[in-house]
Amino acid sequence: MTQYIIRRLLQMIPITFGILTLVFSLIHLIPGDPAAQIAGEGARPEDIVAVRKALGLDQPLGTQYVNYLVRIAHGDLGKSFHTGDPVVQAIRERYPATIQLALGAMFVALLVAFPLGIISAIYRNSWIDNVARFFALIGVSMPSFFFGPLLIIAFAINHEWFPVSGREAGWRSLVLPSLTMGLALAAILTRMIRVSLAEELNQLYVTTAIAKGVTRAKAIFRHALKNALIPVITVIALQFGSLLTGAIITEQIFSWPGLGRLLIQSINTRDYPQVQASILVIALTYIMVNFASDLLYGVVDPRIKLE
Amino acid sequence: MKRLLRNFAFTAGAILTIVLILVAIAAPLISPFDPNAQDTFRRLEPPSKQHLLGLDDLGRDVLSRILFGARVSLRVGFSVVILASVIGITLGAMAGYFGGMVDTIVMRITDILLAFPGILLAIALVAVLGPSLNNVILALATIGWVGYARLVRGQVLKVREMEFVTAAKALGARSPRVIVRHVLPNVINPVIVMATLGLAGAILAEAALSFLGLGVQPPTPSWGAMLTAGRRYLGLANHLAIYPGIAIMLAVMGLNFLGDGLIDALDPKYRKMLT
């Protein structure tokens with residue numbers, strides 16, 4: 001296992017450098033003179049010079065890159081143009097809200113997908129299965145920025161059960177954003193659990209177990225489900241990473257004060273250090289989650305370690 | 001073709017897609033009103049006989065804006081798919097066929113781009129390049145080519161060892177000719193499926209970026225931007241958010257159905273290759 005972890009860690013090094021380089025280059029992709037663009041229209045020449053100096057854009061590119069890496073290694077992601085505070089501060093404040101939302105969505109997805117996926121695998125091609133498949137289809141085709149407003153109309157405006165936006169009402173604030181983000185994931189997982197379990201139910205060991213007198217329920221839940229869940233567990237872990245990026249849109253719909261909303265707000269105010277830092281943190285969390293899901297895969301399916 | 005038509009998903013998807021394309025082409029002819037004509041005295045008016053889907057926050061006809069919005073969606077969709085597939089096929093074919101250094105470089109770039117969440121990279125690019133239709137296309141193509149490159153490379157690796165390729169080389173055919181005439185025709189089917197699903201993805205991504213205010217700029221009608229405006233008037237004028245949402249959903253569903261149907265009809269193995 002140690003060897004497997006080391007191998008995966010080594011594979012992550014070039015990817016992390018790639019992401020750092022991509023985020024570093026962002027500011028240089030700004031058309032024209034980045035400093036002039038950042039300073040905004042009507043900026044005085046001395047303002048532009050000040051911005052250029054503040055961002056280190058007056059240095060040669062190589063020096064800028066090395067300085068950037070050194071700063072990142074020290075946990076210094078720069079200062080916000082807007083507030084003057086270190087950008088890390090805003091990220092630290094917003095990060096828990098995004099994680100909370102992602103966990104909420106995951107909870108919703110699991111709550112829906114497990115029973116629905118298992119039932120439709122057991123009763124394949126029955127009306128329940130058809131309903132589950134239809135639900136899965138709607139789930140993957142309905143964008144969150146449409147589903148979210150529909151939920152707001154139904155449960156926050158027509159019935160005032162949950163707040164329209166914000167995070168102030170405790171767990172009640174979390175319900176609609178979690179449902180919005182959880183639906184698509186529930187659809188994916190339902191389909192996966194169904195396919196995976198149906199495949200296992202066709203295996204000879206299930207038939208053998210039943211022939212030897214094990215009850216059908218026991219054969220399904222004790223034997224087949226265990227094996228069927230192996231691929232599902234890794235998808236769940238992998239999808240947690242996608243939830244972090246999905247949160248960018250959902251947070252915007254519900255004015256949820258997370259990292260995604262911070263990113264969009266900073267883009268609108270052209271607060272580039274904050275934009276870069278937010279993107280970097282989301283991307284790094286995403287690859288860390290993917291790394292963790294790879295490790296998990298190695299644990300639940302030992303064959304993977306040998307590949 | 002008969003087998004394709006028997007496939008319900010394919011038929012439903014094909015009908016929805018054809019309607020979408022026809023609507024986009026015929027928008028100026030079938031739109032009841034100018035999509036940008038404002039009647040501020042009647043803003044937020046609910047659906048009526050005259051305005052079937054109502055009026056928006058500036059008093060513009062929602063139906064006309066949705067019809068014209070189909071043009072934006074398809075323009076982005078097709079541009080992204082064409083750009084991404086041309087870049088992806090070229091690089092993927094070169095990587096697979098030549099191997100060595102070319103392969104290593106192309107594959108390492110795809111590794112990094114795949115490790116970066118797609119929509120985040122698109123947001124980042126549009127954030128620095130500035131929000132506009134062309135920059136949305138550029139950003140989505142930048143993340144989109146990777147899938148084609150990986151797919152084509154994998155297929156080329158398989159095909160290049162086959163006898164007909166060796167035969168073509170033995171007869172003196174040069175690399176570009178071998179790739180274009182002998183290798184690519186053998187990988188075109190999964191690419192078509194990927195392009196169909198990619199069209200749905202691009203339409204959805206454009207709507208998402210426009211919803212975030214990073215896509216098409218006003219007054220150009222875009223379904224995503226219409227939803228953003230609609231979000232502000234939830235409870236007061238729900239039709240502003242509901243109808244553009246339905247339009248996005250039908251378009252995406254149609255193309256997904258079409259792609260899914262194509263997989264079943266051409267080769268169910270593609271499902272695994274494309275995921």
# chains A, B, ... in the order shown; residues from 1 in each chain; ligands from 1
>>> residues_around(residues="segment 68-81 of chain A", least_positions_apart="4", cutoff="10 Å", atoms="only C-alpha atoms", output="MDAnalysis selection string")
chainID A and resid 17 20:21 24 38:39 51 54:56 62:64 85:90 266 269:278 280:281
>>> write_last_selection(atoms="N, CA and C atoms", output="CSV table (one decimal), in the first residue's frame")
chain,number,residue,atom,x,y,z
A,17,PHE,N,2.3,21.1,-10.4
A,17,PHE,CA,3.1,22.1,-11.0
A,17,PHE,C,2.3,22.7,-12.2
A,20,LEU,N,-0.3,25.0,-10.9
A,20,LEU,CA,0.3,26.3,-10.4
A,20,LEU,C,0.7,27.2,-11.6
A,21,THR,N,1.3,26.5,-12.6
A,21,THR,CA,1.7,27.3,-13.8
A,21,THR,C,0.5,27.9,-14.5
A,24,PHE,N,-0.7,30.8,-12.6
A,24,PHE,CA,0.3,31.9,-12.7
A,24,PHE,C,0.1,32.6,-14.0
A,38,ILE,N,-6.0,46.0,-15.2
A,38,ILE,CA,-6.3,45.8,-13.8
A,38,ILE,C,-6.6,47.2,-13.1
A,39,ALA,N,-5.8,48.2,-13.4
A,39,ALA,CA,-6.0,49.5,-12.8
A,39,ALA,C,-7.3,50.1,-13.3
A,51,VAL,N,0.4,49.4,-9.8
A,51,VAL,CA,-0.2,48.0,-9.9
A,51,VAL,C,0.9,47.1,-10.5
A,54,ALA,N,3.1,46.3,-7.7
A,54,ALA,CA,2.5,45.5,-6.6
A,54,ALA,C,2.3,44.0,-7.0
A,55,LEU,N,2.1,43.8,-8.3
A,55,LEU,CA,2.0,42.4,-8.8
A,55,LEU,C,3.3,41.8,-9.3
A,56,GLY,N,4.3,42.6,-9.2
A,56,GLY,CA,5.6,42.1,-9.6
A,56,GLY,C,5.8,42.0,-11.1
A,62,GLY,N,10.6,34.9,-15.8
A,62,GLY,CA,11.2,33.8,-15.0
A,62,GLY,C,11.3,34.1,-13.5
A,63,THR,N,11.7,35.3,-13.2
A,63,THR,CA,11.8,35.8,-11.8
A,63,THR,C,10.4,35.8,-11.2
A,64,GLN,N,9.4,36.3,-12.0
A,64,GLN,CA,8.0,36.3,-11.5
A,64,GLN,C,7.6,34.9,-11.1
A,85,ASP,N,-6.5,43.1,2.4
A,85,ASP,CA,-6.2,42.0,3.3
A,85,ASP,C,-5.6,40.9,2.5
A,86,PRO,N,-4.9,40.0,3.2
A,86,PRO,CA,-4.4,38.8,2.5
A,86,PRO,C,-5.6,38.0,2.0
A,87,VAL,N,-5.4,37.5,0.7
A,87,VAL,CA,-6.6,36.8,0.1
A,87,VAL,C,-6.9,35.5,0.9
A,88,VAL,N,-5.9,35.0,1.5
A,88,VAL,CA,-6.1,33.8,2.3
A,88,VAL,C,-7.2,33.9,3.3
A,89,GLN,N,-7.3,35.2,3.9
A,89,GLN,CA,-8.3,35.4,4.9
A,89,GLN,C,-9.7,35.2,4.4
A,90,ALA,N,-10.1,35.8,3.2
A,90,ALA,CA,-11.4,35.6,2.7
A,90,ALA,C,-11.6,34.1,2.4
A,266,SER,N,-15.1,38.3,-7.1
A,266,SER,CA,-13.7,38.9,-7.4
A,266,SER,C,-13.6,39.1,-8.9
A,269,THR,N,-15.2,42.3,-9.7
A,269,THR,CA,-14.5,43.5,-9.2
A,269,THR,C,-13.1,43.6,-9.7
A,270,ARG,N,-12.7,42.6,-10.6
A,270,ARG,CA,-11.4,42.5,-11.1
A,270,ARG,C,-10.3,42.4,-10.1
A,271,ASP,N,-10.6,41.7,-9.0
A,271,ASP,CA,-9.7,41.5,-7.9
A,271,ASP,C,-8.8,40.3,-8.2
A,272,TYR,N,-7.9,40.5,-9.1
A,272,TYR,CA,-7.2,39.3,-9.7
A,272,TYR,C,-6.4,38.5,-8.7
A,273,PRO,N,-5.7,39.0,-7.7
A,273,PRO,CA,-5.1,38.1,-6.7
A,273,PRO,C,-6.1,37.2,-6.0
A,274,GLN,N,-7.3,37.8,-5.7
A,274,GLN,CA,-8.4,36.9,-5.1
A,274,GLN,C,-8.9,35.9,-6.1
A,275,VAL,N,-9.0,36.3,-7.4
A,275,VAL,CA,-9.4,35.3,-8.4
A,275,VAL,C,-8.4,34.2,-8.5
A,276,GLN,N,-7.2,34.6,-8.6
A,276,GLN,CA,-6.1,33.5,-8.8
A,276,GLN,C,-6.1,32.6,-7.6
A,277,ALA,N,-6.2,33.2,-6.4
A,277,ALA,CA,-6.1,32.3,-5.2
A,277,ALA,C,-7.3,31.4,-5.1
A,278,SER,N,-8.5,32.0,-5.4
A,278,SER,CA,-9.7,31.1,-5.3
A,278,SER,C,-9.6,30.0,-6.3
A,280,LEU,N,-7.0,28.6,-7.5
A,280,LEU,CA,-5.9,27.7,-7.1
A,280,LEU,C,-6.4,26.8,-6.0
A,281,VAL,N,-7.1,27.4,-5.0
A,281,VAL,CA,-7.6,26.6,-3.9
A,281,VAL,C,-8.6,25.6,-4.3
>>> interface_residues(of="chain B", to="chain A", cutoff="10 Å", atoms="only C-alpha atoms", output="mmCIF file with N, CA and C atoms, in the first residue's frame")
data_model
loop_
_atom_site.group_PDB
_atom_site.id
_atom_site.type_symbol
_atom_site.label_atom_id
_atom_site.label_comp_id
_atom_site.auth_asym_id
_atom_site.auth_seq_id
_atom_site.Cartn_x
_atom_site.Cartn_y
_atom_site.Cartn_z
ATOM 1 N N ARG B 108 0.939 14.790 -21.495
ATOM 2 C CA ARG B 108 1.141 15.497 -20.219
ATOM 3 C C ARG B 108 0.230 16.735 -20.167
ATOM 4 N N ILE B 109 0.089 17.415 -21.323
ATOM 5 C CA ILE B 109 -0.805 18.589 -21.330
ATOM 6 C C ILE B 109 -2.236 18.136 -21.031
ATOM 7 N N ASP B 111 -3.133 15.565 -19.327
ATOM 8 C CA ASP B 111 -3.199 15.178 -17.911
ATOM 9 C C ASP B 111 -3.515 16.399 -17.042
ATOM 10 N N ILE B 112 -2.773 17.488 -17.316
ATOM 11 C CA ILE B 112 -2.947 18.694 -16.489
ATOM 12 C C ILE B 112 -4.336 19.286 -16.710
ATOM 13 N N LEU B 113 -4.749 19.374 -17.987
ATOM 14 C CA LEU B 113 -6.065 19.963 -18.256
ATOM 15 C C LEU B 113 -7.182 19.106 -17.672
ATOM 16 N N LEU B 114 -6.985 17.785 -17.669
ATOM 17 C CA LEU B 114 -8.024 16.914 -17.099
ATOM 18 C C LEU B 114 -8.063 16.995 -15.576
ATOM 19 N N ALA B 115 -6.888 17.292 -14.989
ATOM 20 C CA ALA B 115 -6.850 17.385 -13.528
ATOM 21 C C ALA B 115 -7.526 18.662 -13.055
ATOM 22 N N PHE B 116 -7.609 19.652 -13.944
ATOM 23 C CA PHE B 116 -8.214 20.933 -13.613
ATOM 24 C C PHE B 116 -9.703 20.830 -13.907
ATOM 25 N N PRO B 117 -10.565 21.139 -12.932
ATOM 26 C CA PRO B 117 -11.995 21.042 -13.230
ATOM 27 C C PRO B 117 -12.379 21.931 -14.417
ATOM 28 N N GLY B 118 -13.030 21.329 -15.416
ATOM 29 C CA GLY B 118 -13.307 21.992 -16.692
ATOM 30 C C GLY B 118 -13.956 23.362 -16.584
ATOM 31 N N ILE B 119 -15.090 23.421 -15.887
ATOM 32 C CA ILE B 119 -15.835 24.684 -15.862
ATOM 33 C C ILE B 119 -15.024 25.755 -15.140
ATOM 34 N N LEU B 120 -14.192 25.352 -14.180
ATOM 35 C CA LEU B 120 -13.359 26.312 -13.442
ATOM 36 C C LEU B 120 -12.337 26.947 -14.383
ATOM 37 N N LEU B 121 -11.748 26.107 -15.244
ATOM 38 C CA LEU B 121 -10.768 26.630 -16.196
ATOM 39 C C LEU B 121 -11.452 27.586 -17.180
ATOM 40 N N ILE B 123 -14.116 29.357 -16.594
ATOM 41 C CA ILE B 123 -14.399 30.598 -15.858
ATOM 42 C C ILE B 123 -13.131 31.443 -15.762
ATOM 43 N N ALA B 124 -12.011 30.773 -15.434
ATOM 44 C CA ALA B 124 -10.745 31.485 -15.276
ATOM 45 C C ALA B 124 -10.350 32.180 -16.578
ATOM 46 N N LEU B 125 -10.478 31.446 -17.699
ATOM 47 C CA LEU B 125 -10.076 32.023 -18.986
ATOM 48 C C LEU B 125 -10.965 33.198 -19.365
ATOM 49 N N VAL B 126 -12.281 33.025 -19.201
ATOM 50 C CA VAL B 126 -13.188 34.119 -19.562
ATOM 51 C C VAL B 126 -12.961 35.311 -18.625
ATOM 52 N N ALA B 127 -12.604 35.011 -17.364
ATOM 53 C CA ALA B 127 -12.372 36.095 -16.405
ATOM 54 C C ALA B 127 -11.219 36.984 -16.855
ATOM 55 N N VAL B 128 -10.155 36.363 -17.390
ATOM 56 C CA VAL B 128 -9.022 37.196 -17.801
ATOM 57 C C VAL B 128 -9.161 37.738 -19.227
ATOM 58 N N LEU B 129 -9.791 36.959 -20.111
ATOM 59 C CA LEU B 129 -9.914 37.415 -21.503
ATOM 60 C C LEU B 129 -11.043 38.435 -21.653
ATOM 61 N N GLY B 130 -11.983 38.404 -20.714
ATOM 62 C CA GLY B 130 -13.134 39.312 -20.797
ATOM 63 C C GLY B 130 -14.346 38.566 -21.304
ATOM 64 N N ALA B 200 -23.991 19.089 -26.627
ATOM 65 C CA ALA B 200 -24.854 19.291 -25.454
ATOM 66 C C ALA B 200 -24.058 19.934 -24.323
ATOM 67 N N LEU B 204 -24.692 23.669 -22.620
ATOM 68 C CA LEU B 204 -24.904 23.767 -21.169
ATOM 69 C C LEU B 204 -23.856 24.692 -20.536
ATOM 70 N N ALA B 205 -22.600 24.544 -20.973
ATOM 71 C CA ALA B 205 -21.529 25.357 -20.398
ATOM 72 C C ALA B 205 -21.701 26.833 -20.760
ATOM 73 N N ALA B 207 -24.530 28.309 -21.331
ATOM 74 C CA ALA B 207 -25.629 28.805 -20.499
ATOM 75 C C ALA B 207 -25.133 29.064 -19.078
ATOM 76 N N ALA B 208 -24.274 28.172 -18.568
ATOM 77 C CA ALA B 208 -23.751 28.342 -17.210
ATOM 78 C C ALA B 208 -22.904 29.600 -17.118
ATOM 79 N N LEU B 209 -22.012 29.794 -18.110
ATOM 80 C CA LEU B 209 -21.154 30.980 -18.076
ATOM 81 C C LEU B 209 -21.991 32.260 -18.218
ATOM 82 N N PHE B 211 -25.049 32.545 -17.331
ATOM 83 C CA PHE B 211 -25.785 32.672 -16.068
ATOM 84 C C PHE B 211 -24.909 33.376 -15.028
ATOM 85 N N LEU B 212 -23.609 33.088 -15.053
ATOM 86 C CA LEU B 212 -22.689 33.706 -14.094
ATOM 87 C C LEU B 212 -22.293 35.124 -14.521
ATOM 88 N N GLY B 213 -22.822 35.557 -15.673
ATOM 89 C CA GLY B 213 -22.504 36.907 -16.162
ATOM 90 C C GLY B 213 -21.193 36.948 -16.919
ATOM 91 N N LEU B 214 -20.658 35.766 -17.272
ATOM 92 C CA LEU B 214 -19.348 35.729 -17.933
ATOM 93 C C LEU B 214 -19.465 35.357 -19.410
ATOM 94 N N GLY B 224 -28.930 31.321 -20.883
ATOM 95 C CA GLY B 224 -28.333 31.397 -19.547
ATOM 96 C C GLY B 224 -28.514 32.785 -18.943
ATOM 97 N N LEU B 227 -31.970 33.436 -17.788
ATOM 98 C CA LEU B 227 -32.237 32.813 -16.482
ATOM 99 C C LEU B 227 -31.722 33.682 -15.329
ATOM 100 N N THR B 228 -30.561 34.325 -15.545
ATOM 101 C CA THR B 228 -30.026 35.208 -14.495
ATOM 102 C C THR B 228 -30.998 36.339 -14.220
ATOM 103 N N GLY B 230 -34.125 36.293 -14.861
ATOM 104 C CA GLY B 230 -35.339 35.705 -14.291
ATOM 105 C C GLY B 230 -35.209 35.429 -12.802
ATOM 106 N N ARG B 231 -33.985 35.110 -12.389
ATOM 107 C CA ARG B 231 -33.749 34.797 -10.978
ATOM 108 C C ARG B 231 -34.092 35.986 -10.084
ATOM 109 N N ARG B 232 -33.880 37.193 -10.624
ATOM 110 C CA ARG B 232 -34.152 38.403 -9.825
ATOM 111 C C ARG B 232 -35.640 38.631 -9.612
ATOM 112 N N LEU B 234 -38.054 36.125 -9.326
ATOM 113 C CA LEU B 234 -38.764 34.912 -8.893
ATOM 114 C C LEU B 234 -39.888 35.310 -7.952
ATOM 115 N N GLY B 235 -41.061 34.721 -8.150
ATOM 116 C CA GLY B 235 -42.211 35.045 -7.300
ATOM 117 C C GLY B 235 -43.018 36.179 -7.895
ATOM 118 N N LEU B 236 -42.345 37.051 -8.633
ATOM 119 C CA LEU B 236 -43.019 38.209 -9.227
ATOM 120 C C LEU B 236 -43.370 37.909 -10.684
ATOM 121 N N ASN B 238 -42.421 34.527 -12.649
ATOM 122 C CA ASN B 238 -41.705 33.249 -12.765
ATOM 123 C C ASN B 238 -41.436 32.841 -14.209
ATOM 124 N N ALA B 241 -37.850 32.929 -15.699
ATOM 125 C CA ALA B 241 -36.835 31.889 -15.446
ATOM 126 C C ALA B 241 -37.262 30.543 -16.028
ATOM 127 N N ILE B 242 -38.561 30.268 -15.982
ATOM 128 C CA ILE B 242 -39.034 28.928 -16.350
ATOM 129 C C ILE B 242 -38.829 28.609 -17.842
ATOM 130 N N TYR B 243 -39.238 29.521 -18.734
ATOM 131 C CA TYR B 243 -39.196 29.172 -20.164
ATOM 132 C C TYR B 243 -37.772 29.033 -20.727
ATOM 133 N N PRO B 244 -36.858 29.953 -20.404
ATOM 134 C CA PRO B 244 -35.486 29.703 -20.893
ATOM 135 C C PRO B 244 -34.914 28.413 -20.308
ATOM 136 N N GLY B 245 -35.271 28.105 -19.062
ATOM 137 C CA GLY B 245 -34.798 26.863 -18.420
ATOM 138 C C GLY B 245 -35.285 25.653 -19.182
ATOM 139 N N ILE B 246 -36.567 25.678 -19.565
ATOM 140 C CA ILE B 246 -37.123 24.547 -20.330
ATOM 141 C C ILE B 246 -36.396 24.421 -21.674
ATOM 142 N N ILE B 248 -33.296 25.247 -22.423
ATOM 143 C CA ILE B 248 -31.962 24.648 -22.221
ATOM 144 C C ILE B 248 -32.119 23.144 -22.009
ATOM 145 N N MET B 249 -33.096 22.785 -21.154
ATOM 146 C CA MET B 249 -33.264 21.380 -20.817
ATOM 147 C C MET B 249 -33.614 20.546 -22.047
ATOM 148 N N LEU B 250 -34.536 21.048 -22.867
ATOM 149 C CA LEU B 250 -34.937 20.285 -24.054
ATOM 150 C C LEU B 250 -33.770 20.135 -25.027
ATOM 151 N N ALA B 251 -33.024 21.213 -25.207
ATOM 152 C CA ALA B 251 -31.904 21.157 -26.148
ATOM 153 C C ALA B 251 -30.864 20.142 -25.675
ATOM 154 N N VAL B 252 -30.522 20.223 -24.387
ATOM 155 C CA VAL B 252 -29.498 19.330 -23.848
ATOM 156 C C VAL B 252 -29.989 17.880 -23.853
ATOM 157 N N MET B 253 -31.261 17.706 -23.474
ATOM 158 C CA MET B 253 -31.829 16.362 -23.440
ATOM 159 C C MET B 253 -31.848 15.761 -24.844
ATOM 160 N N GLY B 254 -32.252 16.557 -25.821
ATOM 161 C CA GLY B 254 -32.316 16.074 -27.197
ATOM 162 C C GLY B 254 -30.957 15.584 -27.674
ATOM 163 N N LEU B 255 -29.929 16.405 -27.453
ATOM 164 C CA LEU B 255 -28.597 16.034 -27.928
ATOM 165 C C LEU B 255 -28.040 14.836 -27.161
ATOM 166 N N ASN B 256 -28.344 14.765 -25.856
ATOM 167 C CA ASN B 256 -27.895 13.605 -25.079
ATOM 168 C C ASN B 256 -28.566 12.320 -25.554
ATOM 169 N N PHE B 257 -29.857 12.430 -25.846
ATOM 170 C CA PHE B 257 -30.596 11.281 -26.389
ATOM 171 C C PHE B 257 -29.977 10.831 -27.705
#
>>> select_by_dssp(residues="segment 116-271 of chain A", states="helix (DSSP H, G or I)", output="compact mmCIF listing (two decimals) with C-alpha atoms, in the first residue's frame")
# COMPACT_ATOMS: atom_id res chain seq x y z
CA LEU A 116 -33.69 4.02 -5.82
CA GLY A 117 -30.66 2.30 -7.37
CA ILE A 118 -31.05 -0.87 -5.30
CA ILE A 119 -34.80 -1.16 -5.91
CA SER A 120 -34.46 -0.63 -9.65
CA ALA A 121 -31.68 -3.24 -9.86
CA ILE A 122 -33.78 -5.80 -8.01
CA TRP A 127 -42.50 0.39 -13.28
CA ILE A 128 -40.25 1.37 -10.34
CA ASP A 129 -37.21 0.85 -12.53
CA ASN A 130 -38.76 2.95 -15.29
CA VAL A 131 -39.56 5.76 -12.84
CA ALA A 132 -35.98 5.64 -11.51
CA ARG A 133 -34.57 5.76 -15.04
CA PHE A 134 -36.80 8.67 -15.96
CA PHE A 135 -35.70 10.48 -12.80
CA ALA A 136 -32.05 9.82 -13.66
CA LEU A 137 -32.60 11.22 -17.14
CA ILE A 138 -34.22 14.40 -15.86
CA GLY A 139 -31.49 14.70 -13.23
CA VAL A 140 -28.65 14.74 -15.73
CA SER A 141 -30.42 16.98 -18.24
CA SER A 144 -28.71 23.44 -11.59
CA PHE A 145 -29.33 27.05 -12.61
CA PHE A 146 -32.82 25.98 -13.73
CA PHE A 147 -33.59 23.47 -10.97
CA GLY A 148 -32.51 25.91 -8.22
CA PRO A 149 -34.96 28.67 -9.22
CA LEU A 150 -37.73 26.05 -9.56
CA LEU A 151 -37.09 24.93 -5.98
CA ILE A 152 -37.08 28.55 -4.81
CA ILE A 153 -40.46 29.17 -6.48
CA ALA A 154 -41.98 26.01 -5.00
CA PHE A 155 -40.51 25.89 -1.49
CA ALA A 156 -39.36 29.39 -0.64
CA ILE A 157 -41.95 31.60 -2.35
CA ASN A 158 -45.16 29.56 -2.83
CA TRP A 171 -29.88 23.93 8.44
CA ARG A 172 -32.98 25.35 6.72
CA SER A 173 -30.71 27.48 4.54
CA LEU A 174 -28.83 24.38 3.47
CA VAL A 175 -31.83 22.36 2.22
CA LEU A 176 -32.58 23.97 -1.15
CA PRO A 177 -28.95 24.48 -2.27
CA SER A 178 -28.16 20.88 -1.30
CA LEU A 179 -31.18 19.59 -3.22
CA THR A 180 -30.18 21.68 -6.24
CA MET A 181 -26.67 20.32 -6.31
CA GLY A 182 -27.53 16.83 -5.11
CA LEU A 183 -30.06 16.04 -7.85
CA ALA A 184 -27.61 15.62 -10.70
CA LEU A 185 -25.31 13.53 -8.53
CA ALA A 186 -28.24 11.42 -7.31
CA ALA A 187 -29.11 10.74 -10.94
CA ILE A 188 -25.58 9.62 -11.79
CA LEU A 189 -25.28 7.44 -8.68
CA THR A 190 -28.73 5.84 -9.12
CA ARG A 191 -27.77 4.77 -12.61
CA MET A 192 -24.41 3.45 -11.41
CA ILE A 193 -25.77 1.51 -8.45
CA ARG A 194 -28.45 -0.02 -10.67
CA VAL A 195 -25.99 -1.18 -13.34
CA SER A 196 -23.40 -2.36 -10.84
CA LEU A 197 -25.84 -4.30 -8.64
CA ALA A 198 -27.72 -5.79 -11.60
CA GLU A 199 -24.41 -7.12 -12.91
CA GLU A 200 -23.58 -8.72 -9.56
CA LEU A 201 -27.06 -10.26 -9.22
CA LEU A 204 -23.12 -17.41 -10.22
CA TYR A 205 -22.15 -16.88 -6.59
CA VAL A 206 -25.52 -15.19 -5.94
CA THR A 207 -27.39 -18.09 -7.56
CA THR A 208 -25.26 -20.52 -5.55
CA ALA A 209 -25.99 -18.70 -2.29
CA ILE A 210 -29.73 -18.77 -2.96
CA ALA A 211 -29.57 -22.44 -4.03
CA ARG A 216 -32.87 -13.59 -1.37
CA ALA A 217 -32.58 -10.48 0.79
CA LYS A 218 -29.43 -11.80 2.45
CA ALA A 219 -27.94 -12.81 -0.90
CA ILE A 220 -28.55 -9.30 -2.19
CA PHE A 221 -27.53 -7.22 0.81
CA ARG A 222 -24.79 -9.38 2.31
CA HIS A 223 -23.15 -10.71 -0.83
CA ALA A 224 -24.02 -8.87 -4.03
CA LEU A 225 -24.29 -5.31 -2.69
CA LYS A 226 -20.84 -5.48 -1.10
CA ASN A 227 -19.21 -6.20 -4.45
CA ALA A 228 -21.49 -3.85 -6.35
CA LEU A 229 -20.45 -0.94 -4.17
CA ILE A 230 -16.74 -1.12 -5.04
CA PRO A 231 -16.97 1.00 -8.20
CA VAL A 232 -19.71 3.16 -6.65
CA ILE A 233 -17.59 4.20 -3.66
CA THR A 234 -14.85 5.58 -5.88
CA VAL A 235 -17.35 7.45 -8.02
CA ILE A 236 -18.80 8.97 -4.86
CA ALA A 237 -15.36 10.17 -3.79
CA LEU A 238 -14.57 11.41 -7.28
CA GLN A 239 -17.87 13.25 -7.55
CA PHE A 240 -17.18 15.12 -4.33
CA GLY A 241 -14.55 17.02 -6.31
CA SER A 242 -17.13 17.91 -8.97
CA LEU A 243 -19.44 19.18 -6.25
CA LEU A 244 -16.82 21.79 -5.36
CA THR A 245 -16.97 23.23 -8.87
CA GLY A 246 -20.72 22.74 -9.09
CA ALA A 247 -20.90 24.91 -6.00
CA ILE A 248 -19.74 27.92 -8.06
CA ILE A 249 -23.13 28.02 -9.79
CA THR A 250 -25.29 26.89 -6.88
CA GLU A 251 -23.72 29.46 -4.55
CA GLN A 252 -24.58 32.12 -7.09
CA ILE A 253 -28.23 31.00 -7.28
CA LEU A 259 -15.69 30.04 -2.30
CA GLY A 260 -17.52 29.93 -5.63
CA ARG A 261 -19.41 33.13 -4.90
CA LEU A 262 -16.17 34.73 -3.74
CA LEU A 263 -14.62 33.79 -7.09
CA ILE A 264 -17.44 35.33 -9.14
CA GLN A 265 -17.51 38.44 -6.96
CA SER A 266 -13.75 38.88 -7.37
CA ILE A 267 -14.04 38.44 -11.14
CA ASN A 268 -16.68 41.16 -11.24
>>> residues_around(residues="Gly147 of chain B", least_positions_apart="3", cutoff="12 Å", atoms="only C-alpha atoms", output="number ranges by chain")
B: 81, 84-89, 91-92, 106-107, 109-111, 113-114, 118, 141-144, 150-154, 190-191, 193-195, 197-198, 273-275
>>> residues_around(residues="Ile192 of chain B", least_positions_apart="4", cutoff="9 Å", atoms="only C-alpha atoms", output="ChimeraX atom specification")
/B:188,196-197,259,262
>>> residues_around(residues="Thr220 of chain B", least_positions_apart="4", cutoff="10 Å", atoms="only C-alpha atoms", output="ChimeraX atom specification")
/B:35-36,65,68-69,72,133,216,225-226
>>> atom_distance(atom1="atom CA of Leu199 of chain B", atom2="atom CA of Ile66 of chain B")
18.3 Å
>>> residues_around(residues="Phe8 of chain B", least_positions_apart="4", cutoff="9 Å", atoms="only C-alpha atoms", output="ChimeraX atom specification")
/B:4,12-13,257,261
>>> residues_around(residues="Arg60 of chain B", least_positions_apart="3", cutoff="6 Å", atoms="only C-alpha atoms", output="PyMOL selection string")
chain B and resi 37-38+55-56
>>> closest_residue(among="A:Arg303, A:Arg124, A:Lys212, A:Arg167", to="Gln100 of chain A", atoms="only C-alpha atoms")
A:Arg167
>>> closest_residue(among="B:Leu53, B:Leu258, B:Ala202, B:Val187", to="Val76 of chain B", atoms="only C-alpha atoms")
B:Ala202
>>> atom_distance(atom1="atom CA of Pro47 of chain B", atom2="atom CA of Tyr233 of chain B")
14.8 Å
>>> closest_residue(among="B:Val178, B:Leu44, B:Ile15, B:Leu67", to="Ala93 of chain B", atoms="only C-alpha atoms")
B:Val178
>>> atom_distance(atom1="atom CA of Ala24 of chain B", atom2="atom CA of Ala70 of chain B")
5.1 Å
